[in-house]
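**Q** Sharing data.tsv below, TSV, C-alpha atoms:
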```tsv
chain	number	residue	atom	x	y	z
R	14	MET	CA	202.63	52.85	121.96
R	15	ASP	CA	201.22	49.35	121.49
R	16	LEU	CA	198.27	49.02	123.89
R	17	GLU	CA	198.46	45.21	123.85
R	18	ALA	CA	202.08	45.45	124.96
R	19	VAL	CA	200.99	47.81	127.74
R	20	ARG	CA	198.23	45.37	128.73
R	21	THR	CA	200.79	42.55	128.85
R	22	PHE	CA	203.14	44.68	130.98
R	23	VAL	CA	200.37	45.30	133.53
R	24	ALA	CA	199.52	41.59	133.63
R	25	VAL	CA	203.16	40.65	134.29
R	26	ALA	CA	203.47	43.36	136.94
R	27	GLU	CA	200.35	42.09	138.72
R	28	THR	CA	201.15	38.37	138.53
R	29	GLY	CA	204.93	38.64	138.89
R	30	GLN	CA	205.46	35.92	136.28
R	31	PHE	CA	205.64	35.87	132.49
R	32	ARG	CA	204.14	32.39	132.39
R	33	LYS	CA	201.14	33.22	134.57
R	34	ALA	CA	200.52	36.51	132.73
R	35	GLY	CA	200.55	34.55	129.47
R	36	ALA	CA	197.98	32.11	130.82
R	37	ASP	CA	195.70	34.99	131.90
R	38	LEU	CA	196.00	36.61	128.45
R	39	SER	CA	195.85	33.32	126.47
R	40	LEU	CA	199.41	33.90	125.22
R	41	THR	CA	202.54	31.77	125.20
R	42	GLN	CA	205.38	32.77	127.49
R	43	GLN	CA	207.42	33.55	124.39
R	44	ALA	CA	204.73	35.94	123.10
R	45	VAL	CA	204.68	37.70	126.48
R	46	SER	CA	208.44	38.14	126.35
R	47	LYS	CA	208.27	39.59	122.84
R	48	ARG	CA	205.60	42.12	123.85
R	49	ILE	CA	207.58	43.24	126.88
R	50	ALA	CA	210.74	43.55	124.77
R	51	LEU	CA	208.82	45.67	122.24
R	52	LEU	CA	207.55	47.98	124.98
R	53	GLU	CA	211.03	48.30	126.48
R	54	ARG	CA	212.46	49.26	123.08
R	55	THR	CA	209.66	51.83	122.62
R	56	LEU	CA	210.34	53.39	126.04
R	57	GLY	CA	214.10	52.95	125.97
R	58	VAL	CA	214.26	51.45	129.48
R	59	ARG	CA	214.21	48.08	131.24
R	60	LEU	CA	210.87	47.38	132.93
R	61	PHE	CA	211.60	44.04	134.64
R	62	THR	CA	214.53	42.18	136.12
R	63	ARG	CA	214.62	38.41	136.44
R	64	ALA	CA	214.37	37.16	140.01
R	65	PRO	CA	214.17	33.70	141.63
R	66	ARG	CA	210.42	34.11	142.10
R	67	GLY	CA	209.73	35.50	138.64
R	68	ALA	CA	209.84	39.06	137.28
R	69	GLU	CA	210.31	42.14	139.42
R	70	LEU	CA	209.66	45.72	138.35
R	71	THR	CA	212.66	47.98	137.91
R	72	ILE	CA	212.49	51.54	139.21
R	73	ASP	CA	211.42	52.61	135.70
R	74	GLY	CA	208.81	49.83	135.64
R	75	GLN	CA	207.40	51.02	138.97
R	76	ALA	CA	207.20	54.58	137.63
R	77	PHE	CA	205.46	53.43	134.45
R	78	LEU	CA	202.89	51.10	136.06
R	79	PRO	CA	200.26	53.66	137.20
R	80	HIS	CA	200.43	55.38	133.81
R	81	ALA	CA	200.07	52.04	132.04
R	82	ARG	CA	196.93	51.29	134.03
R	83	GLU	CA	195.53	54.71	133.19
R	84	LEU	CA	196.27	54.15	129.49
R	85	LEU	CA	194.18	50.98	129.58
R	86	HIS	CA	191.34	52.77	131.40
R	87	VAL	CA	191.39	55.58	128.83
R	88	ALA	CA	191.32	53.06	125.97
R	89	GLU	CA	188.29	51.34	127.50
R	90	ARG	CA	186.45	54.62	127.99
R	91	ALA	CA	187.26	55.65	124.41
R	92	GLY	CA	185.85	52.40	123.05
R	93	ALA	CA	182.74	52.63	125.21
R	94	SER	CA	182.05	56.16	124.01
R	95	VAL	CA	181.36	54.92	120.48
R	96	ARG	CA	180.15	51.37	121.13
R	97	PRO	CA	176.40	50.98	120.45
R	98	GLY	CA	174.60	50.42	123.71
R	99	HIS	CA	177.38	52.07	125.69
R	100	ARG	CA	177.36	55.55	124.19
R	101	PRO	CA	174.56	58.13	124.18
R	102	LEU	CA	171.90	58.04	121.50
R	103	ARG	CA	172.73	60.93	119.15
R	104	VAL	CA	169.68	62.68	117.69
R	105	ASP	CA	169.56	65.69	115.35
R	106	VAL	CA	166.85	68.35	115.72
R	107	ILE	CA	166.48	71.57	113.73
R	108	ALA	CA	166.37	73.87	116.78
R	109	SER	CA	166.11	73.64	120.55
R	110	ARG	CA	162.64	75.17	120.94
R	111	THR	CA	160.81	73.24	118.24
R	112	ALA	CA	158.33	70.37	118.32
R	113	GLN	CA	161.23	68.03	117.57
R	114	ALA	CA	163.03	69.05	120.75
R	115	ASN	CA	159.76	68.67	122.68
R	116	LEU	CA	159.43	65.10	121.36
R	117	MET	CA	162.95	64.32	122.56
R	118	ARG	CA	162.24	65.80	125.98
R	119	GLY	CA	159.20	63.53	126.20
R	120	PHE	CA	161.34	60.54	125.26
R	121	HIS	CA	163.88	61.48	127.93
R	122	ARG	CA	161.15	61.66	130.59
R	123	ALA	CA	159.83	58.25	129.51
R	124	HIS	CA	163.32	56.69	129.31
R	125	PRO	CA	165.54	58.48	131.83
R	126	GLU	CA	167.99	55.57	131.72
R	127	THR	CA	168.89	56.36	128.09
R	128	GLU	CA	171.74	58.82	127.65
R	129	LEU	CA	171.11	61.37	124.91
R	130	ASP	CA	173.22	63.71	122.82
R	131	VAL	CA	171.01	66.21	120.99
R	132	VAL	CA	172.69	68.02	118.11
R	133	MET	CA	171.50	70.59	115.57
R	134	LEU	CA	172.57	70.12	111.96
R	135	PHE	CA	171.66	72.55	109.20
R	136	ASP	CA	170.09	70.71	106.28
R	137	ILE	CA	168.94	67.29	105.19
R	138	GLU	CA	172.07	66.53	103.15
R	139	THR	CA	174.25	67.13	106.19
R	140	ALA	CA	171.91	65.03	108.35
R	141	VAL	CA	171.82	62.12	105.89
R	142	GLY	CA	175.62	62.17	105.61
R	143	ALA	CA	175.88	62.04	109.40
R	144	LEU	CA	173.41	59.13	109.55
R	145	ARG	CA	175.37	57.17	106.96
R	146	SER	CA	178.70	57.79	108.68
R	147	GLY	CA	177.34	56.91	112.12
R	148	ALA	CA	177.97	60.39	113.50
R	149	ILE	CA	174.29	60.52	114.54
R	150	ASP	CA	171.68	57.81	115.09
R	151	ALA	CA	168.52	59.66	114.09
R	152	SER	CA	167.38	62.95	112.61
R	153	PHE	CA	164.09	64.85	112.54
R	154	ARG	CA	163.40	66.19	109.05
R	155	ALA	CA	160.55	66.80	106.59
R	156	VAL	CA	161.69	63.56	104.89
R	157	ALA	CA	163.11	64.92	101.63
R	158	VAL	CA	163.47	67.72	99.13
R	159	PRO	CA	161.63	67.44	95.78
R	160	GLY	CA	163.78	65.67	93.22
R	161	ARG	CA	166.23	64.42	95.85
R	162	PRO	CA	164.92	61.14	97.31
R	163	LEU	CA	166.48	59.60	100.37
R	164	PRO	CA	169.24	57.02	99.83
R	165	GLU	CA	168.07	53.41	99.93
R	166	ASP	CA	169.85	52.72	103.21
R	167	ILE	CA	167.99	55.52	105.04
R	168	ASP	CA	164.57	54.70	106.50
R	169	SER	CA	162.00	57.22	107.66
R	170	VAL	CA	158.64	57.44	109.37
R	171	ARG	CA	156.36	60.46	109.64
R	172	VAL	CA	155.87	61.05	113.35
R	173	LEU	CA	154.14	64.41	113.81
R	174	ASP	CA	152.16	66.89	111.73
R	175	GLU	CA	152.57	70.24	113.49
R	176	PRO	CA	149.95	72.90	112.66
R	177	LEU	CA	151.28	76.31	111.70
R	178	GLN	CA	149.95	79.37	113.49
R	179	LEU	CA	150.09	83.02	112.49
R	180	LEU	CA	152.03	85.24	114.89
R	181	THR	CA	151.20	88.95	114.81
R	182	GLY	CA	151.79	92.08	116.84
R	183	PRO	CA	148.88	93.83	118.61
R	184	ALA	CA	148.39	96.41	115.82
R	185	HIS	CA	148.23	93.93	112.93
R	186	ALA	CA	144.99	93.89	110.92
R	187	LEU	CA	144.37	90.23	111.88
R	188	ALA	CA	145.43	90.51	115.52
R	189	GLY	CA	141.85	90.26	116.82
R	190	ALA	CA	140.88	87.18	114.81
R	191	ARG	CA	140.19	83.91	116.62
R	192	SER	CA	141.39	82.06	113.51
R	193	VAL	CA	142.33	82.91	109.93
R	194	THR	CA	142.02	80.99	106.69
R	195	LEU	CA	144.82	80.69	104.20
R	196	ALA	CA	142.71	82.72	101.79
R	197	GLN	CA	142.55	85.58	104.30
R	198	LEU	CA	146.35	85.71	104.39
R	199	THR	CA	146.57	86.63	100.71
R	200	GLY	CA	148.05	90.11	100.45
R	201	HIS	CA	149.52	90.11	103.95
R	202	ARG	CA	153.30	90.16	104.36
R	203	ILE	CA	154.65	87.14	106.20
R	204	TRP	CA	158.24	87.67	107.26
R	205	MET	CA	160.42	84.59	107.77
R	206	PRO	CA	164.14	85.44	107.63
R	207	GLY	CA	166.42	82.44	107.58
R	208	ILE	CA	164.56	80.27	105.06
R	209	ALA	CA	167.44	78.84	103.02
R	210	PRO	CA	166.97	77.75	99.39
R	211	GLY	CA	167.50	74.03	98.88
R	212	THR	CA	166.52	73.04	102.40
R	213	GLU	CA	163.48	70.90	103.16
R	214	TRP	CA	161.81	73.74	105.04
R	215	GLY	CA	162.57	76.08	102.12
R	216	ALA	CA	160.85	73.62	99.76
R	217	TYR	CA	157.87	73.39	102.14
R	218	TYR	CA	157.27	77.13	102.19
R	219	ASP	CA	157.85	77.44	98.43
R	220	ASP	CA	154.97	75.02	97.87
R	221	LEU	CA	152.80	76.82	100.43
R	222	VAL	CA	153.33	80.11	98.60
R	223	ALA	CA	152.67	78.53	95.20
R	224	GLY	CA	149.55	76.72	96.36
R	225	PHE	CA	147.78	79.59	98.12
R	226	GLY	CA	149.22	82.81	96.68
R	227	LEU	CA	150.87	83.90	99.93
R	228	THR	CA	153.61	86.48	100.27
R	229	ILE	CA	156.54	85.21	102.35
R	230	GLU	CA	159.51	87.56	102.63
R	231	VAL	CA	162.96	86.31	103.63
R	232	THR	CA	164.75	89.65	103.34
R	233	GLY	CA	167.25	90.82	105.92
R	234	PRO	CA	169.67	88.90	108.11
R	235	ASN	CA	168.40	86.29	110.54
R	236	PHE	CA	169.30	87.63	114.00
R	237	GLY	CA	167.40	84.86	115.79
R	238	SER	CA	164.01	84.48	117.42
R	239	ASP	CA	164.31	87.44	119.81
R	240	ALA	CA	164.92	89.90	116.97
R	241	LEU	CA	162.10	88.31	114.95
R	242	LEU	CA	159.64	88.72	117.82
R	243	ASP	CA	160.72	92.30	118.45
R	244	THR	CA	160.13	93.18	114.79
R	245	ILE	CA	156.75	91.47	114.57
R	246	ALA	CA	155.61	93.22	117.75
R	247	ASP	CA	156.65	96.66	116.46
R	248	THR	CA	155.63	96.36	112.78
R	249	PRO	CA	151.87	96.22	112.09
R	250	ALA	CA	152.42	95.24	108.45
R	251	LEU	CA	154.35	92.06	109.25
R	252	ALA	CA	153.35	88.65	110.60
R	253	THR	CA	155.17	85.32	110.71
R	254	PHE	CA	154.41	81.61	110.87
R	255	MET	CA	155.20	79.60	113.98
R	256	GLY	CA	154.69	75.94	114.77
R	257	GLU	CA	151.97	75.22	117.31
R	258	HIS	CA	154.44	73.35	119.53
R	259	THR	CA	157.26	75.89	119.26
R	260	ARG	CA	157.88	77.37	122.69
R	261	LEU	CA	159.10	80.96	122.71
R	262	ILE	CA	158.93	83.52	125.51
R	263	TRP	CA	158.52	87.22	124.81
R	264	PRO	CA	158.06	90.31	127.01
R	265	ALA	CA	154.48	90.90	128.13
R	266	GLY	CA	154.55	94.36	126.55
R	267	HIS	CA	154.94	92.86	123.07
R	268	GLY	CA	151.27	91.84	123.04
R	269	LEU	CA	151.91	89.14	120.42
R	270	ARG	CA	149.01	86.99	119.19
R	271	ARG	CA	149.14	83.32	118.12
R	272	ILE	CA	146.27	82.68	115.70
R	273	PRO	CA	145.27	79.24	114.33
R	274	VAL	CA	145.28	78.90	110.53
R	275	THR	CA	142.44	76.95	108.89
R	276	ALA	CA	140.77	75.92	105.62
R	277	PRO	CA	143.06	74.04	105.28
R	278	THR	CA	145.49	74.00	108.20
R	279	PRO	CA	149.08	73.86	106.92
R	280	VAL	CA	151.01	71.31	108.97
R	281	TYR	CA	154.75	70.79	109.02
R	282	PRO	CA	155.51	67.06	108.60
R	283	HIS	CA	158.16	66.06	111.12
R	284	SER	CA	159.67	62.68	110.24
R	285	LEU	CA	162.32	60.56	111.92
R	286	LEU	CA	165.20	59.36	109.74
R	287	TRP	CA	167.71	56.63	110.61
R	288	HIS	CA	170.16	54.27	108.93
R	289	ARG	CA	168.58	50.87	108.56
R	290	ASP	CA	171.74	49.10	109.79
R	291	ASN	CA	172.16	51.25	112.91
R	292	PRO	CA	172.50	48.83	115.87
R	293	HIS	CA	172.00	51.26	118.77
R	294	PRO	CA	169.46	49.57	121.08
R	295	ALA	CA	167.88	52.87	122.14
R	296	LEU	CA	166.92	53.68	118.55
R	297	ALA	CA	164.15	51.07	118.60
R	298	ALA	CA	162.91	52.48	121.92
R	299	LEU	CA	162.78	55.98	120.40
R	300	ARG	CA	160.78	54.78	117.40
R	301	THR	CA	158.34	52.91	119.63
R	302	HIS	CA	157.92	55.94	121.87
R	303	LEU	CA	157.22	58.27	118.94
R	304	ALA	CA	154.72	55.82	117.44
R	305	THR	CA	152.87	55.77	120.77
R	306	VAL	CA	152.72	59.50	121.48
R	307	THR	CA	151.82	60.56	117.92
R	308	ALA	CA	149.43	57.76	116.93
R	309	GLY	CA	145.87	58.48	115.86
R	310	ARG	CA	146.36	62.09	114.77
R	311	ASP	CA	143.56	63.31	112.46
R	312	THR	CA	144.89	64.66	109.14
R	313	ALA	CA	141.52	65.79	107.77
R	314	GLY	CA	141.47	69.45	106.77
R	315	THR	CA	145.25	69.77	106.73
R	316	TRP	CA	147.76	70.53	103.98
R	317	VAL	CA	151.26	69.28	103.20
R	318	PRO	CA	153.19	69.44	99.92
R	319	ASP	CA	152.63	66.61	97.43
R	320	TRP	CA	156.22	65.40	97.84
R	321	VAL	CA	155.79	64.58	101.53
R	322	LEU	CA	155.45	60.84	102.11
R	323	PRO	CA	152.05	59.71	103.46
R	324	ARG	CA	151.67	58.69	107.06
```
Represent the structure contained in this file as structure tokens.
**A**
Amino acid sequence: MDLEAVRTFVAVAETGQFRKAGADLSLTQQAVSKRIALLERTLGVRLFTRAPRGAELTIDGQAFLPHARELLHVAERAGASVRPGHRPLRVDVIASRTAQANLMRGFHRAHPETELDVVMLFDIETAVGALRSGAIDASFRAVAVPGRPLPEDIDSVRVLDEPLQLLTGPAHALAGARSVTLAQLTGHRIWMPGIAPGTEWGAYYDDLVAGFGLTIEVTGPNFGSDALLDTIADTPALATFMGEHTRLIWPAGHGLRRIPVTAPTPVYPHSLLWHRDNPHPALAALRTHLATVTAGRDTAGTWVPDWVLPR
């Protein structure tokens, strides 16, 4: 159904005259007549009858009018849902309990007037494709994977270096330590199911293992954070890495320990990616907010892979 013909029908119904409807729509009377004729052929009914005072709705025209108005309202809502400035800002985070999600919650508190859609995509290739297609407006990533630079139309800025902590159960050999060095972790089994080859976080941990001789095991299915915490609590030989800003809740009986890692402190480099031609007005506000809340962070004594872009 031609929406412009429907719009013309509503205008004629409300004004009662083809000529006046044409003036309101910046159309000639002949163009109005053609649009109404097209709509009548599409519907297979007469919508108006000629009368001394202009055009009067037939019974079929009266039945169609409320639906025609609703069609125009639906079309307007559909357009607004994807029009920059009228639709929510769509931002991709890796998971809902990570530092990235915390940054977005902070942005929402600072800008409650901005509507947000927070999504979770799997890897950087998927995220970059969504940025280029306009499916999302921004994505939090570790910038890139070695040997696979970002496309030229994708911009990025490093917004937060999140320190990694060691998470152990109460019976682990390091459970009583106030902090541990990377050298002390040599020979300990660090279990991190779910690290996928080819992802930016997979590349990060590959370099961490290569640089410091750590043992990271990815064996077994990834049943989620609850199963991971249960296993770490019950298995003295296993520990795992967790971001300092990751917020997980576990039963008090687990007795889990979060232990800072030092000399150097491995930090996960969260960066914001966006398409340089994205016109959404809230994107600039998000970038400004992130620059404000993460400015001035000291990077001395920290470690990131060589392929991570400098701050």
**Q** Rounded to one decimal in Å, what is the spacing between CA of Pro125 (chain R) and CA of Ser169 (chain R)?
**A**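 Between CA of Pro125 (chain R) and CA of Ser169 (chain R) the gap works out to 24.5 Å.
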**Q** Kindly compute an axis-aligned box around the listed atoms of region 32-39 of chain R, allowing 8 Å on each side, and express its centre and edge lengths in Å to one decimal as lines of an AutoDock Vina configuration file.
**A**
```
center_x = 199.9
center_y = 34.4
center_z = 130.5
size_x = 24.4
size_y = 20.5
size_z = 24.1
```
**Q** For a quick check of understanding, using all atoms listed in the file, which of R:Arg289, R:Ala26, R:Val131, R:Glu175 has the smallest distance to Pro79 (chain R)?
**A**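 Nearest candidate to Pro79 (chain R) out of R:Arg289, R:Ala26, R:Val131, R:Glu175: R:Ala26.
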**Q** With all atoms listed in the file as the counted atoms, please give the residues lying no more than 8 Å from Ala184 (chain R), apart from itself and same-chain residues fewer than 3 positions off, as a ChimeraX atom specification.
**A** /R:188,248-249
**Q** Between CA of Pro183 (chain R) and CA of Trp214 (chain R), what is the distance, to one decimal in Å?
**A**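 Atom-to-atom, CA of Pro183 (chain R) and CA of Trp214 (chain R) are spaced 27.5 Å apart.
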**Q** What separation in Å, quoted to one decimal, exists between CA of Glu213 (chain R) and CA of Pro159 (chain R)?
**A**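 Rounded to one decimal, the two atoms are 8.4 Å apart.
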**Q** Nearest to Ala44 (chain R): which of R:Ala265, R:His293, R:Arg32, R:Asn115 is it, counting only C-alpha atoms?
**A**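 Residue with the minimum atom-to-atom distance to Ala44 (chain R): R:Arg32.
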**Q** In terms of the shortest atom-to-atom distance over all atoms listed in the file, which of R:Pro101, R:Gly92, R:Gly29, R:Gly67 is closest to Ala148 (chain R)?
**A**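 Going through R:Pro101, R:Gly92, R:Gly29, R:Gly67 one by one, the smallest distance to Ala148 (chain R) is for R:Pro101.
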**Q** For each of R:Leu116, R:Val104, R:Met255, R:Val158, take the minimum atom-to-atom distance to Leu286 (chain R), counting only C-alpha atoms, then give the residue where this is smallest.
**A** R:Val104
**Q** Considering all atoms listed in the file, can you say which of R:Val23, R:Leu84, R:Leu179, R:Val222 comes closest to Pro318 (chain R)?
**A**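 Under the stated criterion, the closest residue is R:Val222.
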**Q** Identify, on the basis of all atoms listed in the file, every residue whose closest approach to Glu69 (chain R) does not exceed 12 Å; exclude the query and any residue fewer than 3 positions from it along the same chain; express the result as an mmCIF file with C-alpha atoms, in the frame of the given file.
**A**
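Everything below was put into selection_7.cif:
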```cif
data_model
loop_
_atom_site.group_PDB
_atom_site.id
_atom_site.type_symbol
_atom_site.label_atom_id
_atom_site.label_comp_id
_atom_site.auth_asym_id
_atom_site.auth_seq_id
_atom_site.Cartn_x
_atom_site.Cartn_y
_atom_site.Cartn_z
ATOM 1 C CA PHE R 22 203.140 44.680 130.980
ATOM 2 C CA VAL R 23 200.370 45.300 133.530
ATOM 3 C CA VAL R 25 203.160 40.650 134.290
ATOM 4 C CA ALA R 26 203.470 43.360 136.940
ATOM 5 C CA GLU R 27 200.350 42.090 138.720
ATOM 6 C CA THR R 28 201.150 38.370 138.530
ATOM 7 C CA GLY R 29 204.930 38.640 138.890
ATOM 8 C CA GLN R 30 205.460 35.920 136.280
ATOM 9 C CA PHE R 31 205.640 35.870 132.490
ATOM 10 C CA ARG R 59 214.210 48.080 131.240
ATOM 11 C CA LEU R 60 210.870 47.380 132.930
ATOM 12 C CA PHE R 61 211.600 44.040 134.640
ATOM 13 C CA THR R 62 214.530 42.180 136.120
ATOM 14 C CA ARG R 63 214.620 38.410 136.440
ATOM 15 C CA ALA R 64 214.370 37.160 140.010
ATOM 16 C CA PRO R 65 214.170 33.700 141.630
ATOM 17 C CA ARG R 66 210.420 34.110 142.100
ATOM 18 C CA ILE R 72 212.490 51.540 139.210
ATOM 19 C CA ASP R 73 211.420 52.610 135.700
ATOM 20 C CA GLY R 74 208.810 49.830 135.640
ATOM 21 C CA GLN R 75 207.400 51.020 138.970
#
```
**Q** Out of R:Val280, R:Ala216, R:Ile107, R:Ala209, which residue has the shortest atom-to-atom distance to Phe254 (chain R) when counting only C-alpha atoms?
**A**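 For Phe254 (chain R), the nearest of the given residues is R:Val280.
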**Q** Can you tell me which residues surround Phe120 (chain R) at a distance of at most 8 Å, considering only C-alpha atoms, apart from same-chain residues fewer than 5 positions away, and format the answer as a ChimeraX atom specification?
**A** /R:299,302-303
**Q** I'd like the contact shell of Val274 (chain R) - 9 Å cut-off, only C-alpha atoms, skipping same-chain residues fewer than 6 positions apart - returned as a list in words.
**A**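 Using only C-alpha atoms, the neighbours found are Pro176, Leu177, Gln178, Leu179, Ser192, Val193, Thr194 and Leu195 of chain R.
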**Q** Extract, using only C-alpha atoms, all DNA, RNA and protein residues at most 12 Å from Arg54 (chain R), discarding same-chain residues fewer than 5 positions from it, and format them as a PDB file with C-alpha atoms, in the coordinates of the input.
**A**
```
ATOM      1  CA  MET R  14     202.630  52.850 121.960  1.00  0.00           C
ATOM      2  CA  ASP R  15     201.220  49.350 121.490  1.00  0.00           C
ATOM      3  CA  ALA R  18     202.080  45.450 124.960  1.00  0.00           C
ATOM      4  CA  LYS R  47     208.270  39.590 122.840  1.00  0.00           C
ATOM      5  CA  ARG R  48     205.600  42.120 123.850  1.00  0.00           C
ATOM      6  CA  ILE R  49     207.580  43.240 126.880  1.00  0.00           C
ATOM      7  CA  ARG R  59     214.210  48.080 131.240  1.00  0.00           C
ATOM      8  CA  LEU R  60     210.870  47.380 132.930  1.00  0.00           C
TER       9      LEU R  60
END
```
**Q** Since the input lacks atoms, please generate N, CA and C atoms for region 23-43 of chain R and provide them as a compact mmCIF listing (two decimals), in the frame of the given file.
**A**
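Once written, part_32.txt looks like this:
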```txt
# COMPACT_ATOMS: atom_id res chain seq x y z
N VAL R 23 201.16 45.22 132.30
CA VAL R 23 200.37 45.30 133.53
C VAL R 23 200.09 43.90 134.07
N ALA R 24 199.79 42.96 133.18
CA ALA R 24 199.52 41.59 133.63
C ALA R 24 200.75 40.97 134.28
N VAL R 25 201.93 41.19 133.70
CA VAL R 25 203.16 40.65 134.29
C VAL R 25 203.43 41.33 135.63
N ALA R 26 203.23 42.64 135.69
CA ALA R 26 203.47 43.36 136.94
C ALA R 26 202.55 42.85 138.05
N GLU R 27 201.31 42.51 137.70
CA GLU R 27 200.35 42.09 138.72
C GLU R 27 200.52 40.63 139.13
N THR R 28 200.97 39.79 138.19
CA THR R 28 201.15 38.37 138.53
C THR R 28 202.56 38.06 138.98
N GLY R 29 203.54 38.88 138.53
CA GLY R 29 204.93 38.64 138.89
C GLY R 29 205.60 37.55 138.09
N GLN R 30 204.89 37.02 137.08
CA GLN R 30 205.46 35.92 136.28
C GLN R 30 205.03 36.05 134.83
N PHE R 31 205.96 35.84 133.92
CA PHE R 31 205.64 35.87 132.49
C PHE R 31 204.70 34.73 132.15
N ARG R 32 204.95 33.56 132.72
CA ARG R 32 204.14 32.39 132.39
C ARG R 32 202.70 32.58 132.84
N LYS R 33 202.50 33.05 134.06
CA LYS R 33 201.14 33.22 134.57
C LYS R 33 200.42 34.35 133.83
N ALA R 34 201.14 35.43 133.51
CA ALA R 34 200.52 36.51 132.73
C ALA R 34 200.08 35.99 131.37
N GLY R 35 200.93 35.13 130.75
CA GLY R 35 200.55 34.55 129.47
C GLY R 35 199.30 33.70 129.58
N ALA R 36 199.17 32.93 130.64
CA ALA R 36 197.98 32.11 130.82
C ALA R 36 196.74 32.99 130.97
N ASP R 37 196.85 34.09 131.72
CA ASP R 37 195.70 34.99 131.90
C ASP R 37 195.29 35.66 130.60
N LEU R 38 196.28 35.91 129.72
CA LEU R 38 196.00 36.61 128.45
C LEU R 38 195.86 35.64 127.28
N SER R 39 195.91 34.34 127.53
CA SER R 39 195.85 33.32 126.47
C SER R 39 197.00 33.49 125.49
N LEU R 40 198.20 33.75 126.03
CA LEU R 40 199.41 33.90 125.22
C LEU R 40 200.46 32.91 125.69
N THR R 41 201.40 32.58 124.79
CA THR R 41 202.54 31.77 125.20
C THR R 41 203.51 32.65 125.98
N GLN R 42 204.38 32.00 126.75
CA GLN R 42 205.38 32.77 127.49
C GLN R 42 206.30 33.51 126.53
N GLN R 43 206.57 32.91 125.38
CA GLN R 43 207.42 33.55 124.39
C GLN R 43 206.76 34.82 123.85
```
